[in-house]
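> Sharing input_31.txt below, compact mmCIF, C-alpha atoms (C1' of nucleotides):
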```txt
# COMPACT_ATOMS: atom_id res chain seq x y z
CA MET G 1173 -15.24 29.09 44.19
CA SER G 1174 -15.08 26.73 41.29
CA SER G 1175 -11.76 25.32 42.43
CA SER G 1176 -13.05 24.15 45.74
CA THR G 1177 -16.00 22.54 43.99
CA HIS G 1178 -13.60 20.56 41.85
CA ALA G 1179 -11.51 19.58 44.83
CA ASP G 1180 -14.64 18.51 46.67
CA ARG G 1181 -15.75 16.40 43.76
CA ILE G 1182 -12.38 14.68 43.78
CA ARG G 1183 -12.40 14.14 47.52
CA ALA G 1184 -15.94 12.84 47.29
CA THR G 1185 -14.55 9.86 45.46
CA GLY G 1186 -12.22 9.13 48.36
CA ALA G 1187 -9.14 10.39 46.58
CA ARG G 1188 -6.84 13.29 47.31
CA ALA G 1189 -7.23 16.58 45.51
CA THR G 1190 -3.85 16.97 43.87
CA PRO G 1191 -2.81 19.61 41.33
CA ALA G 1192 -2.62 17.02 38.57
CA ARG G 1193 -6.15 15.80 39.20
CA LEU G 1194 -7.53 19.30 39.46
CA ALA G 1195 -5.85 20.33 36.23
CA VAL G 1196 -7.06 17.31 34.26
CA LEU G 1197 -10.57 17.53 35.66
CA ARG G 1198 -10.83 21.18 34.74
CA LEU G 1199 -9.36 20.56 31.31
CA LEU G 1200 -11.72 17.72 30.45
CA GLU G 1201 -14.62 19.73 31.77
CA SER G 1202 -13.86 22.69 29.55
CA ALA G 1203 -13.21 20.54 26.48
CA ASP G 1204 -15.95 20.20 23.92
CA ARG G 1205 -14.59 16.90 22.72
CA ALA G 1206 -12.80 13.76 23.87
CA LEU G 1207 -9.12 14.40 24.52
CA SER G 1208 -6.29 11.98 24.04
CA HIS G 1209 -3.44 11.64 26.47
CA HIS G 1210 -1.37 13.60 24.02
CA ASP G 1211 -3.96 16.39 23.93
CA VAL G 1212 -3.88 16.58 27.70
CA GLU G 1213 -0.11 16.48 27.82
CA THR G 1214 0.10 19.35 25.35
CA ALA G 1215 -2.56 21.40 27.08
CA LEU G 1216 -0.86 21.01 30.45
CA ASP G 1217 2.61 21.56 29.11
CA GLY G 1218 4.56 23.80 31.43
CA THR G 1219 2.79 22.66 34.57
CA GLY G 1220 5.54 20.16 35.29
CA ILE G 1221 3.11 17.27 35.49
CA ASP G 1222 4.68 14.02 34.43
CA ARG G 1223 3.54 11.95 31.47
CA VAL G 1224 3.00 8.89 33.63
CA THR G 1225 1.03 10.89 36.17
CA LEU G 1226 -1.33 11.95 33.41
CA TYR G 1227 -1.88 8.35 32.41
CA ARG G 1228 -2.59 7.48 36.02
CA VAL G 1229 -4.89 10.44 36.56
CA LEU G 1230 -6.86 9.62 33.42
CA ASP G 1231 -7.20 5.99 34.46
CA TRP G 1232 -8.26 7.07 37.90
CA MET G 1233 -10.90 9.39 36.47
CA VAL G 1234 -12.42 6.54 34.49
CA GLU G 1235 -12.33 4.26 37.49
CA ALA G 1236 -13.87 6.94 39.69
CA GLY G 1237 -16.63 7.50 37.16
CA LEU G 1238 -15.54 11.06 36.43
CA ALA G 1239 -14.67 10.35 32.80
CA HIS G 1240 -15.36 8.01 29.93
CA ARG G 1241 -12.72 6.30 27.88
CA VAL G 1242 -13.09 5.45 24.21
CA THR G 1243 -10.68 3.95 21.73
CA ASP G 1244 -10.51 5.82 18.49
CA ALA G 1245 -9.64 4.42 15.09
CA GLN G 1246 -6.01 5.52 15.43
CA ARG G 1247 -5.67 3.13 18.36
CA VAL G 1248 -5.40 5.83 20.99
CA PHE G 1249 -7.49 6.25 24.09
CA ARG G 1250 -9.59 9.37 24.36
CA PHE G 1251 -11.20 10.75 27.49
CA SER G 1252 -14.29 12.82 27.97
CA ILE G 1253 -15.84 14.17 31.12
CA ALA G 1254 -18.60 12.01 32.53
CA ASN G 1255 -21.83 13.88 32.66
CA ALA G 1256 -23.46 13.56 36.05
CA ALA G 1257 -26.82 13.64 34.31
CA SER G 1258 -26.05 10.42 32.42
CA PRO G 1259 -24.50 8.12 34.98
CA THR G 1260 -24.86 4.92 32.99
CA HIS G 1261 -23.07 5.24 29.72
CA SER G 1262 -23.83 1.71 28.63
CA ALA G 1263 -24.65 3.24 25.27
CA HIS G 1264 -22.30 5.91 24.09
CA ALA G 1265 -21.74 7.54 20.73
CA HIS G 1266 -18.86 9.44 19.26
CA PHE G 1267 -18.05 11.25 16.08
CA ARG G 1268 -14.54 11.23 14.70
CA CYS G 1269 -13.54 13.66 11.99
CA ASP G 1270 -11.52 12.07 9.22
CA ALA G 1271 -9.87 15.37 8.44
CA CYS G 1272 -8.80 16.83 11.77
CA GLY G 1273 -8.97 13.63 13.84
CA LYS G 1274 -10.96 15.19 16.63
CA VAL G 1275 -13.51 13.15 18.50
CA PHE G 1276 -16.82 14.57 19.64
CA CYS G 1277 -19.32 13.06 22.03
CA LEU G 1278 -22.82 12.54 20.70
CA ASP G 1279 -25.06 12.35 23.68
CA ASP G 1280 -28.43 11.79 22.14
CA ILE G 1281 -28.21 8.50 20.35
CA PRO G 1282 -31.01 6.08 19.73
CA ALA G 1283 -30.03 3.19 21.99
CA THR G 1284 -29.73 0.74 19.16
CA PRO G 1285 -30.94 -2.71 20.10
CA PRO G 1286 -28.30 -4.94 18.54
CA ALA G 1287 -29.31 -8.28 17.14
CA LEU G 1288 -26.76 -10.64 18.61
CA PRO G 1289 -26.17 -14.28 17.79
CA ARG G 1290 -27.70 -16.80 20.16
CA GLY G 1291 -25.91 -17.11 23.46
CA PHE G 1292 -24.27 -13.70 23.26
CA ALA G 1293 -24.86 -11.25 26.09
CA SER G 1294 -24.57 -7.52 25.54
CA ARG G 1295 -23.05 -5.29 28.19
CA ALA G 1296 -22.39 -2.03 26.40
CA VAL G 1297 -22.87 -0.56 22.96
CA GLU G 1298 -20.53 1.89 21.34
CA LEU G 1299 -21.41 3.76 18.25
CA CYS G 1300 -18.76 5.60 16.30
CA VAL G 1301 -19.58 7.76 13.33
CA THR G 1302 -16.81 8.99 11.07
CA GLY G 1303 -16.94 11.79 8.56
CA HIS G 1304 -16.21 15.47 8.50
CA CYS G 1305 -17.00 17.87 11.30
CA ASP G 1306 -18.59 21.22 10.65
CA ARG G 1307 -15.31 23.09 10.53
CA CYS G 1308 -13.55 20.65 8.19
CA LYS G 1309 -16.60 20.40 5.98
CA GLN G 1310 -16.50 24.13 5.45
CA GLU G 1311 -12.83 23.91 4.62
CA ASP G 1312 -13.67 21.25 2.06
CA SER G 1313 -15.52 23.84 0.04
CA ALA G 1314 -12.90 26.52 0.60
CA PRO G 1315 -9.60 24.64 0.76
CA ALA G 1316 -7.60 27.41 2.36
CA ALA G 1317 -6.43 26.50 5.84
CA GLN G 1318 -5.47 23.01 6.87
CA THR G 1319 -6.36 22.03 10.43
CA ASN G 1320 -5.17 18.47 10.11
CA LYS G 1321 -4.28 16.55 13.28
CA ASP G 1322 -5.14 19.17 15.88
CA MET R 838 -8.64 -25.89 -7.16
CA SER R 839 -9.28 -23.53 -4.33
CA SER R 840 -5.66 -22.38 -4.34
CA SER R 841 -5.76 -21.15 -7.89
CA THR R 842 -9.00 -19.36 -7.13
CA HIS R 843 -7.30 -17.52 -4.32
CA ALA R 844 -4.33 -16.66 -6.49
CA ASP R 845 -6.64 -15.43 -9.19
CA ARG R 846 -8.51 -13.26 -6.74
CA ILE R 847 -5.23 -11.73 -5.67
CA ARG R 848 -4.06 -11.20 -9.23
CA ALA R 849 -7.42 -9.70 -10.11
CA THR R 850 -6.51 -6.78 -7.87
CA GLY R 851 -3.36 -6.18 -9.88
CA ALA R 852 -1.05 -7.63 -7.26
CA ARG R 853 1.23 -10.63 -7.28
CA ALA R 854 0.14 -13.89 -5.77
CA THR R 855 2.77 -14.49 -3.14
CA PRO R 856 2.82 -17.19 -0.46
CA ALA R 857 2.26 -14.60 2.27
CA ARG R 858 -0.82 -13.18 0.59
CA LEU R 859 -2.24 -16.61 -0.14
CA ALA R 860 -1.71 -17.72 3.43
CA VAL R 861 -3.30 -14.63 4.97
CA LEU R 862 -6.21 -14.65 2.55
CA ARG R 863 -6.94 -18.29 3.29
CA LEU R 864 -6.57 -17.72 7.01
CA LEU R 865 -8.93 -14.76 7.16
CA GLU R 866 -11.38 -16.59 4.97
CA SER R 867 -11.52 -19.58 7.27
CA ALA R 868 -11.72 -17.46 10.44
CA ASP R 869 -15.10 -16.94 12.02
CA ARG R 870 -14.00 -13.72 13.64
CA ALA R 871 -11.76 -10.71 13.13
CA LEU R 872 -8.10 -11.57 13.65
CA SER R 873 -5.43 -9.30 15.01
CA HIS R 874 -1.94 -9.12 13.59
CA HIS R 875 -0.84 -11.22 16.53
CA ASP R 876 -3.49 -13.84 15.77
CA VAL R 877 -2.26 -14.05 12.19
CA GLU R 878 1.36 -14.18 13.24
CA THR R 879 0.64 -17.02 15.63
CA ALA R 880 -1.46 -18.95 13.12
CA LEU R 881 1.20 -18.67 10.44
CA ASP R 882 4.07 -19.41 12.77
CA GLY R 883 6.53 -21.75 11.12
CA THR R 884 5.87 -20.53 7.62
CA GLY R 885 8.83 -18.18 7.82
CA ILE R 886 6.72 -15.17 6.93
CA ASP R 887 8.09 -12.00 8.46
CA ARG R 888 6.22 -9.87 10.98
CA VAL R 889 6.52 -6.78 8.80
CA THR R 890 5.32 -8.67 5.75
CA LEU R 891 2.17 -9.59 7.63
CA TYR R 892 1.55 -5.95 8.46
CA ARG R 893 2.04 -5.06 4.83
CA VAL R 894 -0.16 -7.89 3.57
CA LEU R 895 -2.95 -6.94 5.95
CA ASP R 896 -2.75 -3.30 4.93
CA TRP R 897 -2.75 -4.34 1.29
CA MET R 898 -5.83 -6.49 1.81
CA VAL R 899 -7.72 -3.55 3.26
CA GLU R 900 -6.59 -1.29 0.47
CA ALA R 901 -7.53 -3.88 -2.14
CA GLY R 902 -10.95 -4.28 -0.59
CA LEU R 903 -10.34 -7.89 0.39
CA ALA R 904 -10.60 -7.23 4.12
CA HIS R 905 -12.01 -4.84 6.69
CA ARG R 906 -10.04 -3.27 9.47
CA VAL R 907 -11.46 -2.42 12.87
CA THR R 908 -9.85 -1.04 15.99
CA ASP R 909 -10.80 -2.92 19.09
CA ALA R 910 -10.97 -1.56 22.62
CA GLN R 911 -7.44 -2.79 23.38
CA ARG R 912 -6.17 -0.46 20.68
CA VAL R 913 -5.19 -3.19 18.26
CA PHE R 914 -6.24 -3.51 14.66
CA ARG R 915 -8.32 -6.51 13.72
CA PHE R 916 -8.97 -7.79 10.25
CA SER R 917 -11.87 -9.71 8.79
CA ILE R 918 -12.44 -10.96 5.29
CA ALA R 919 -14.51 -8.65 3.15
CA ASN R 920 -17.65 -10.34 2.01
CA ALA R 921 -18.15 -9.94 -1.71
CA ALA R 922 -21.87 -9.86 -1.06
CA SER R 923 -21.57 -6.69 0.99
CA PRO R 924 -19.22 -4.46 -0.96
CA THR R 925 -20.01 -1.26 0.85
CA HIS R 926 -19.32 -1.66 4.51
CA SER R 927 -20.16 1.91 5.34
CA ALA R 928 -22.07 0.48 8.27
CA HIS R 929 -20.32 -2.31 10.10
CA ALA R 930 -20.90 -3.91 13.46
CA HIS R 931 -18.72 -5.95 15.73
CA PHE R 932 -19.02 -7.78 18.99
CA ARG R 933 -16.10 -7.95 21.37
CA CYS R 934 -16.11 -10.41 24.22
CA ASP R 935 -14.95 -8.92 27.50
CA ALA R 936 -13.77 -12.31 28.69
CA CYS R 937 -11.84 -13.84 25.83
CA GLY R 938 -11.22 -10.67 23.85
CA LYS R 939 -12.33 -12.13 20.57
CA VAL R 940 -14.07 -9.96 18.03
CA PHE R 941 -16.95 -11.20 15.93
CA CYS R 942 -18.52 -9.56 12.92
CA LEU R 943 -22.22 -8.82 13.13
CA ASP R 944 -23.42 -8.50 9.59
CA ASP R 945 -27.08 -7.75 10.03
CA ILE R 946 -27.23 -4.47 11.83
CA PRO R 947 -29.90 -1.87 11.56
CA ALA R 948 -28.04 0.92 9.79
CA THR R 949 -28.75 3.42 12.49
CA PRO R 950 -29.07 6.93 11.15
CA PRO R 951 -27.25 8.94 13.77
CA ALA R 952 -28.40 12.39 14.69
CA LEU R 953 -25.37 14.56 14.11
CA PRO R 954 -24.83 18.17 15.11
CA ARG R 955 -25.41 20.75 12.41
CA GLY R 956 -22.73 20.89 9.78
CA PHE R 957 -21.41 17.41 10.45
CA ALA R 958 -21.25 14.94 7.58
CA SER R 959 -21.35 11.22 8.15
CA ARG R 960 -19.23 8.89 6.08
CA ALA R 961 -19.32 5.61 7.95
CA VAL R 962 -20.91 4.20 11.07
CA GLU R 963 -19.29 1.65 13.31
CA LEU R 964 -21.18 -0.13 15.98
CA CYS R 965 -19.33 -2.10 18.62
CA VAL R 966 -21.12 -4.20 21.18
CA THR R 967 -19.25 -5.56 24.15
CA GLY R 968 -20.29 -8.33 26.50
CA HIS R 969 -19.81 -12.06 26.73
CA CYS R 970 -19.84 -14.42 23.78
CA ASP R 971 -21.75 -17.68 23.88
CA ARG R 972 -18.77 -19.72 24.97
CA CYS R 973 -17.66 -17.39 27.74
CA LYS R 974 -21.22 -16.95 28.94
CA GLN R 975 -21.49 -20.69 29.42
CA GLU R 976 -18.23 -20.70 31.33
CA ASP R 977 -19.65 -17.99 33.56
CA SER R 978 -22.17 -20.48 34.88
CA ALA R 979 -19.66 -23.31 35.09
CA PRO R 980 -16.35 -21.64 35.94
CA ALA R 981 -14.14 -24.56 35.01
CA ALA R 982 -11.93 -23.73 32.05
CA GLN R 983 -10.51 -20.30 31.42
CA THR R 984 -10.25 -19.31 27.78
CA ASN R 985 -8.98 -15.86 28.48
CA LYS R 986 -7.03 -14.09 25.73
CA ASP R 987 -7.08 -16.80 23.11
C1' DC M 216 12.33 -21.74 -21.65
C1' DG M 217 15.16 -17.99 -20.17
C1' DC M 218 15.39 -13.02 -19.09
C1' DA M 219 14.54 -8.59 -17.28
C1' DA M 220 11.68 -5.39 -14.71
C1' DT M 221 9.90 -4.44 -10.49
C1' DA M 222 6.69 -5.73 -6.89
C1' DA M 223 7.21 -7.86 -2.71
C1' DC M 224 10.06 -9.61 1.02
C1' DG M 225 13.27 -9.85 5.15
C1' DC M 226 15.90 -7.54 8.35
C1' DA M 227 16.99 -3.92 11.44
C1' DA M 228 16.04 0.16 13.42
C1' DC M 229 12.73 3.39 14.89
C1' DA M 230 8.14 5.63 16.46
C1' DT M 231 4.07 5.81 19.22
C1' DT M 232 1.26 4.62 22.99
C1' DG M 233 0.74 2.79 27.30
C1' DT M 234 2.60 0.15 31.78
C1' DT M 235 5.42 -1.15 35.88
C1' DG M 236 8.70 -0.65 39.94
C1' DC M 237 10.41 2.05 43.27
C1' DA M 238 12.03 5.81 46.14
C1' DG M 239 10.73 10.34 47.64
C1' DG M 240 7.20 14.05 48.28
C1' DA M 241 2.69 15.88 49.38
C1' DG M 242 -2.31 15.76 50.99
C1' DC M 243 -5.18 15.01 54.72
C1' DA M 244 -6.63 13.75 59.44
C1' DA M 245 -5.60 13.80 64.30
C1' DT W 1496 2.81 19.89 63.71
C1' DT W 1497 3.19 15.19 62.86
C1' DG W 1498 2.57 10.90 60.72
C1' DC W 1499 0.32 7.77 57.65
C1' DT W 1500 -0.44 6.73 53.21
C1' DC W 1501 -1.55 8.10 48.67
C1' DC W 1502 0.41 10.18 44.92
C1' DT W 1503 4.20 11.69 41.97
C1' DG W 1504 8.48 11.62 39.15
C1' DC W 1505 11.87 9.07 37.04
C1' DA W 1506 13.57 5.31 34.43
C1' DA W 1507 13.00 1.29 32.26
C1' DC W 1508 10.07 -1.71 29.87
C1' DA W 1509 6.24 -3.67 26.86
C1' DA W 1510 3.08 -3.86 22.94
C1' DT W 1511 1.85 -2.43 18.50
C1' DG W 1512 2.82 -0.53 14.25
C1' DT W 1513 6.07 1.99 10.61
C1' DT W 1514 10.12 3.12 7.64
C1' DG W 1515 14.46 2.40 4.91
C1' DC W 1516 17.07 -0.41 2.22
C1' DG W 1517 19.25 -4.14 -0.04
C1' DT W 1518 17.74 -8.77 -1.80
C1' DT W 1519 14.48 -12.17 -3.66
C1' DA W 1520 11.13 -13.95 -6.52
C1' DT W 1521 6.77 -13.27 -9.46
C1' DT W 1522 5.28 -12.31 -13.82
C1' DG W 1523 5.06 -10.81 -18.59
C1' DC W 1524 7.59 -11.17 -22.82
C1' DG W 1525 10.89 -12.50 -26.43
```
Would you write out, as structure tokens, the structure that this file holds?

Amino acid sequence: MSSSTHADRIRATGARATPARLAVLRLLESADRALSHHDVETALDGTGIDRVTLYRVLDWMVEAGLAHRVTDAQRVFRFSIANAASPTHSAHAHFRCDACGKVFCLDDIPATPPALPRGFASRAVELCVTGHCDRCKQEDSAPAAQTNKD
Amino acid sequence: MSSSTHADRIRATGARATPARLAVLRLLESADRALSHHDVETALDGTGIDRVTLYRVLDWMVEAGLAHRVTDAQRVFRFSIANAASPTHSAHAHFRCDACGKVFCLDDIPATPPALPRGFASRAVELCVTGHCDRCKQEDSAPAAQTNKD
DNA sequence: CGCAATAACGCAACATTGTTGCAGGAGCAA
DNA sequence: TTGCTCCTGCAACAATGTTGCGTTATTGCG
């Protein structure tokens, strides 16, 4: 059963498999993009899970290595599931759509070697591309529907 | 006089040369890194310039092309003077120190052409490197002073 | 120079996003 | 089942940024 797999993955980190953690883990896993706290809150509306609990679960997921956290240009944190295949995300890339505001993970980036000033030590590199996603680009040509802001 | 040059640069954008704009323009120009609103507020403390005015001046500077705005990992906006030599900042790079939190502009970056999914259109690329700056790296070896958070 | 138009300011209140403290409830092991 | 402890829910708070509105002051013009 998929549920027990999720619970096991949570317990494998030494934490307890609670409904909130299961729900967020499943949600992030099924998402094709990085979700903000607000996205998660909306998606899990009706489950009775508290706002603060979501913040804590998301923080825990990052700490446990189950998720990545990025800061988008609107000064909100966004969370994406951590791929077990790419454990070290020292270099990570994202795409943010100017039109709909959604953030997508770009996995295959050329690990850009940054030229730093003398004495500077690099730990991680984040690359963020902005523009229009495929859906919004199509709507540019045919300005019918407006999918702005989720 | 340098002052009149600043005022002229402001008026050249069609705006009025007010004390707040002059002060912020001079401050950003003399800064060797990107300043947050809080940095600016602290630096201009005692001038009687209002918090909201600073927000408005900073926004105006970005709109007028006199400054760049970046969002750092702590979800705060930071502002750096726009170099007249590099008018198009479609590709911009920054370095954020994990220890002291300061953000530096890296001007010479290899404009990495990112491989986007089909249908995605790129408008701008932002590259953010995190790690330790030269000063904090030195203090790593000799843990005497603590320059954390300004 | 003095005046009028209006851009810009200051103040207060509000919005959004995230954090902290604490008492009670729930997951897990024995 | 029981108990330990982690986790949750609630409320209050903190940080950052925005909006509305009446007042001030910059600037062009007579």
> Looking at R:Leu891, R:Val861, R:Asp882, R:Gly968, which one is nearest to chain W, with distances taken over all atoms listed in the file?
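Ranking R:Leu891, R:Val861, R:Asp882, R:Gly968 by distance to chain W, first place goes to R:Leu891.
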> Would you list the residues near (12.7, -0.6, 12.7), meaning any protein, DNA or RNA residue with an atom at most 12 Å from that point in file coordinates, counting only C-alpha atoms (C1' of nucleotides), as a ChimeraX atom specification?
/R:888-889 /M:225-230 /W:1512-1516
> Counting only C-alpha atoms (C1' of nucleotides), a student should be able to say which residues of chain G come within 12 Å of chain M; what is the right answer, written as number ranges by chain?
G: 1179, 1183, 1186-1191, 1208-1210, 1223-1228, 1230-1231, 1246-1250
> Pull out every residue of chain W sitting within 8 Å of chain R, counting only C-alpha atoms (C1' of nucleotides), and send them as a list in words.
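On the chain W side, the interface is DT1511, DT1521 and DT1522 of chain W.
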> Env of G:Cys1305: 10 Å cut, atoms = only C-alpha atoms (C1' of nucleotides), seq-sep filter 5 positions within chain, self excluded. Answer as a JSON list (two decimals) with C-alpha atoms, keeping the file's coordinate frame.

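Once written, part_7.json looks like this:
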```
[["chain", "number", "residue", "atom", "x", "y", "z"],
["G", 1267, "PHE", "CA", -18.05, 11.25, 16.08],
["G", 1268, "ARG", "CA", -14.54, 11.23, 14.70],
["G", 1269, "CYS", "CA", -13.54, 13.66, 11.99],
["G", 1270, "ASP", "CA", -11.52, 12.07, 9.22],
["G", 1271, "ALA", "CA", -9.87, 15.37, 8.44],
["G", 1272, "CYS", "CA", -8.80, 16.83, 11.77],
["G", 1273, "GLY", "CA", -8.97, 13.63, 13.84],
["G", 1274, "LYS", "CA", -10.96, 15.19, 16.63],
["G", 1275, "VAL", "CA", -13.51, 13.15, 18.50],
["G", 1276, "PHE", "CA", -16.82, 14.57, 19.64],
["G", 1310, "GLN", "CA", -16.50, 24.13, 5.45],
["G", 1311, "GLU", "CA", -12.83, 23.91, 4.62],
["R", 953, "LEU", "CA", -25.37, 14.56, 14.11],
["R", 954, "PRO", "CA", -24.83, 18.17, 15.11],
["R", 955, "ARG", "CA", -25.41, 20.75, 12.41],
["R", 956, "GLY", "CA", -22.73, 20.89, 9.78],
["R", 957, "PHE", "CA", -21.41, 17.41, 10.45],
["R", 958, "ALA", "CA", -21.25, 14.94, 7.58],
["R", 959, "SER", "CA", -21.35, 11.22, 8.15]]
```
> So the first atom is atom CA of G:Ala1245 and the second is atom CA of R:Thr908; what is the distance between them in Å, to one decimal place?
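Result for atom CA of G:Ala1245 versus atom CA of R:Thr908: 5.5 Å, one decimal.
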> Go ahead and compute the interatomic distance for atom CA of R:Ala901 and atom CA of R:Ile847, in Å to one decimal.
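Taking atom CA of R:Ala901 as the start and atom CA of R:Ile847 as the end point, the length is 8.9 Å.
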> Can you work out the spacing between atom CA of G:Val1229 and atom C1' of W:DA1509 in Å, to one decimal?
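It comes out at 20.4 Å.
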> Between G:Val1297, G:Ala1206, G:Arg1307, G:Ala1239, which has the minimum distance to chain R (counting all atoms listed in the file)?
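The answer is G:Val1297, which sits nearest to chain R.
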> Select, from G:Cys1300, G:Ala1254, G:Val1234, G:Leu1207, the residue with the minimum atom-to-atom distance to chain R, counting all atoms listed in the file.
G:Cys1300
> For R:Arg858, which residue out of R:Asp909, R:Asp887, R:Asp876, R:Glu963 is the nearest one, using all atoms listed in the file?
R:Asp887
